[in-house]
Amino acid sequence: MPSPSEPQRRDDLYATLAISAEEARIGTSRILTLPDGRQLPITLPAGVQSGQQLSFAGQGRRRDDGTYGSLQLTITVLPGPPPGGAPGLPSEEEAPTLLSGDRLQLAVPTALAPSLPTTGQAALPSSQTPGPLPQTRSSPSPSWPRSAPAQQKSASSRRPLWLVATAVVLLVLISSAVLLGQHLQQAQGQASATATSAAATALAATRQADAQASVVAQATVAAQATASVIAANPNPYPAGGGKLVLYTPLSDAQNSIGWETSIHCTFHSGAYHVVSQDPRYFDHCSNGISYSDFTLEVEMTIVAGDQGGLLFRGADIGNNKYYLFQVSTTGIYTLFVYTGGDQTAELARGVALTYERGLGQTNLLALVARGNHLTLYLNHQQVVAVTDGHYRAGQLALLSVPFADGGQPTEVAYRNLKVWTF
C-alpha cells in the first residue's frame with residue numbers, strides 16, 4: 001500500500017569496510033565501533049563483492065525522539081589474506097573507526113591502503129519507519145593515515161690535536177687499552193645476543209606452528225559444520241536445488257547478526273518482531289543483503305493486528321520499487337508490485353485454504369523467485385504463481401502491515417529463516 005513520502009534524512013552514517021579477497025570468498029565477521037561508542041556486529045556472506053552496499057537501520061545518529069538513523073556500509077575487497085589473521089578464516093577483530101566531517105569512515109591498516117579502490121554509491125537504505133525510505137547518498141572516499149617522514153639529524157664534532165709528543169704517546173696507549181676492552185665487551189655481548197636471538201626465534205617458531213595448527217583445526221570444524229547444515233537442509237520447493245546461504249533461527253541478535261534493531265525491529269521471546277505502531281503505515285525490517293534468484297522460507301506468527309508478509313527484490317526501496325506479499329489473520333493474501341512513488345499494481349489475490357487463521361497461529365511462508373517467475377507458498381501449498389519482469393534482484397525484508405482501512409497497530413513474529421540461492 002502506498003505511503004507518504006519522507007524527506008531525505010540527515011541522520012545516516014556512511015562507511016567503507018575493507019576486507020581481503022579470501023574473506024570475500026568464504027565470508028567474514030566484524031564488530032564495528034560507531035562514533036558514539038556503540039558496537040555493531042555484522043556477518044558478510046561468502047561471495048560478497050567489492051562495491052556491494054549494505055544498510056543497517058538504527059545504527060546512525062541519534063534523533064531528537066530517541067530513535068536512530070541508518071548506517072550505510074560499502075564493501076571494498078582488497079587483494080591478499082585478511083589483515084592480522086591467517087587466510088581462510090573470518091576475522092573477528094574490531095574494525096577501528098574514524099570520523100571525517102559528518103560521515104563515518106572505517107580505517108584499515110596503512111600497509112593495505114595503497115591498493116584500496118575508490119568506493120561507489122552508498123547502500124540502499126533499509127527502513128525502521130513506515131513507508132518509503134530516504135534516498136541514498138554518495139559514500140565518501142576513504143582517507144587513510146599517513147606516516148610522518150623521519151626527521152634527519154646531523155652533528156659534527158671537533159677534537160683538538162696535541163702537539164706534545166709524550167702526550168701523544170700516552171693517548172695512544174690509553175686508547176689502545178680502551179679499544180681492547182670495548183672489543184672484548186662487544187664480542188661477549190654479540191655472543192649473548194646471538195644465543196638470546198636464537199632462543200627467541202625458536203620460541204616464536206613454536207608459537208607460530210601451534211597457532212597455525214589451531215587455525216587449521218578451527219577451519220576444519222567450521223567447514224564440517226557448514227557442510228553438515230547444508231546437507232541437512234535441502235531446498236524443499238519445486239524444482240529444488242540451490243545452495244543454502246542463510247539459515248538463522250532469528251531467536252536473538254547474537255544468532256541473527258546483521259538484522260536491524262529499533263523500536264520497529266526487535267528480538268524478544270525467541271523471535272524477531274516487526275512492529276507497526278501507527279496503523280496508517282506498514283513497517284519492514286531487513287539484514288541489508290540483496291538476492292536475485294532464490295528460495296526463502298520463514299515461520300510467521302501474527303501476534304497482534306492485521307497482516308504479515310514479505311518485501312522482496314527491493315531494487316530501490318527508497319523510491320518504492322519492490323514486490324510486496326501480505327497475508328492477513330483470515331488467510332486472505334495479496335501480491336503487489338510497487339513501481340515508484342504511489343504507483344502500485346495488484347498481481348494476485350486469494351484465500352489460502354490450509355492457512356491457520358487467527359492471532360498467535362504460526363504459518364510457514366515461502367517464496368521461489370527465478371527469473372521473471374514468482375511463486376509463493378503457505379504451509380507448503382502453492383497460492384500464487386505469476387510472471388512479472390519489473391525487478392530481477394534486490395533486498396528482502398519481513399513485514400508488519402495494518403489494513404489500509406480501519407487498520408490496527410500490528411506486530412508479527414518471525415523464526416527460522418532459510419535462503420537458498422541459484
# chains A, B, ... in the order shown; residues from 1 in each chain; ligands from 1
>>> select_by_dssp(residues="stretch 313-388 of chain A", states="strand (DSSP E)", output="ChimeraX atom specification")
/A:313-316,321-328,332-339,344-351,362-370,373-378,381-387
>>> residues_around(residues="stretch 402-406 of chain A", least_positions_apart="4", cutoff="7 Å", atoms="only C-alpha atoms", output="ChimeraX atom specification")
/A:279-282,305-307,410
>>> write_last_selection(atoms="N, CA, C and O atoms", output="PDB file, in the first residue's frame")
ATOM      1  N   PRO A 279      -1.080   2.665  12.680  1.00  0.00           N
ATOM      2  CA  PRO A 279      -1.831   1.823  11.735  1.00  0.00           C
ATOM      3  C   PRO A 279      -1.980   2.422  10.346  1.00  0.00           C
ATOM      4  O   PRO A 279      -2.499   1.757   9.447  1.00  0.00           O
ATOM      5  N   ARG A 280      -1.507   3.633  10.135  1.00  0.00           N
ATOM      6  CA  ARG A 280      -1.592   4.223   8.795  1.00  0.00           C
ATOM      7  C   ARG A 280      -0.477   3.726   7.878  1.00  0.00           C
ATOM      8  O   ARG A 280      -0.535   3.936   6.662  1.00  0.00           O
ATOM      9  N   TYR A 281       0.549   3.071   8.456  1.00  0.00           N
ATOM     10  CA  TYR A 281       1.715   2.688   7.682  1.00  0.00           C
ATOM     11  C   TYR A 281       2.110   1.249   7.964  1.00  0.00           C
ATOM     12  O   TYR A 281       1.814   0.707   9.028  1.00  0.00           O
ATOM     13  N   PHE A 282       2.822   0.630   7.016  1.00  0.00           N
ATOM     14  CA  PHE A 282       3.437  -0.666   7.288  1.00  0.00           C
ATOM     15  C   PHE A 282       4.922  -0.454   7.573  1.00  0.00           C
ATOM     16  O   PHE A 282       5.504   0.562   7.210  1.00  0.00           O
ATOM     17  N   GLY A 305      -2.886  -7.332  15.643  1.00  0.00           N
ATOM     18  CA  GLY A 305      -3.195  -6.531  14.475  1.00  0.00           C
ATOM     19  C   GLY A 305      -3.668  -7.319  13.282  1.00  0.00           C
ATOM     20  O   GLY A 305      -4.454  -8.266  13.414  1.00  0.00           O
ATOM     21  N   ASP A 306      -3.123  -7.007  12.083  1.00  0.00           N
ATOM     22  CA  ASP A 306      -3.782  -7.392  10.848  1.00  0.00           C
ATOM     23  C   ASP A 306      -3.014  -8.363   9.952  1.00  0.00           C
ATOM     24  O   ASP A 306      -3.476  -9.466   9.686  1.00  0.00           O
ATOM     25  N   GLN A 307      -1.819  -7.976   9.442  1.00  0.00           N
ATOM     26  CA  GLN A 307      -1.170  -8.754   8.379  1.00  0.00           C
ATOM     27  C   GLN A 307       0.345  -8.808   8.551  1.00  0.00           C
ATOM     28  O   GLN A 307       0.958  -7.890   9.110  1.00  0.00           O
ATOM     29  N   THR A 410       0.083  -3.295  14.464  1.00  0.00           N
ATOM     30  CA  THR A 410       0.327  -4.693  14.106  1.00  0.00           C
ATOM     31  C   THR A 410       1.725  -5.122  14.544  1.00  0.00           C
ATOM     32  O   THR A 410       2.690  -4.370  14.402  1.00  0.00           O
TER      33      THR A 410
END
>>> residues_around(residues="stretch 49-65 of chain A", least_positions_apart="5", cutoff="6 Å", atoms="only C-alpha atoms", output="list in words")
Asp11, Asp12, Leu13, Ser70, Leu71, Gln72, Leu73, Thr74, Ile75, Thr76, Val77, Ala123, Pro125, Ser126, Glu260, Ser262 and Gly288 of chain A
>>> residues_around(residues="A:Asp316", least_positions_apart="4", cutoff="8 Å", atoms="only C-alpha atoms", output="number ranges by chain")
A: 124, 320-322, 394
>>> residues_around(residues="A:Leu311", least_positions_apart="3", cutoff="6 Å", atoms="only C-alpha atoms", output="NGL selection string")
:A and (323-324 or 396-397)
>>> closest_residue(among="A:Thr421, A:Asn416, A:Gln408, A:Ser292", to="A:Ala393", atoms="only C-alpha atoms")
A:Ser292
>>> closest_residue(among="A:Leu296, A:Leu40, A:Ala304, A:Cys265", to="A:Leu246", atoms="only C-alpha atoms")
A:Leu296
>>> closest_atom_pairs(of="stretch 252-318 of chain A", to="stretch 14-34 of chain A", cutoff="12 Å", atoms="only C-alpha atoms", output="tab-separated table")
residue	atom	partner	partner_atom	distance
A:Gln254	CA	A:Ile31	CA	11.8
A:Ile257	CA	A:Ser29	CA	9.0
A:Gly258	CA	A:Ser29	CA	9.9
>>> write_last_selection(atoms="C-alpha atoms", output="mmCIF file, in the first residue's frame")
data_model
loop_
_atom_site.group_PDB
_atom_site.id
_atom_site.type_symbol
_atom_site.label_atom_id
_atom_site.label_comp_id
_atom_site.auth_asym_id
_atom_site.auth_seq_id
_atom_site.Cartn_x
_atom_site.Cartn_y
_atom_site.Cartn_z
ATOM 1 C CA GLN A 254 23.761 -12.933 18.626
ATOM 2 C CA ILE A 257 23.865 -10.909 13.109
ATOM 3 C CA GLY A 258 23.066 -8.213 10.541
#
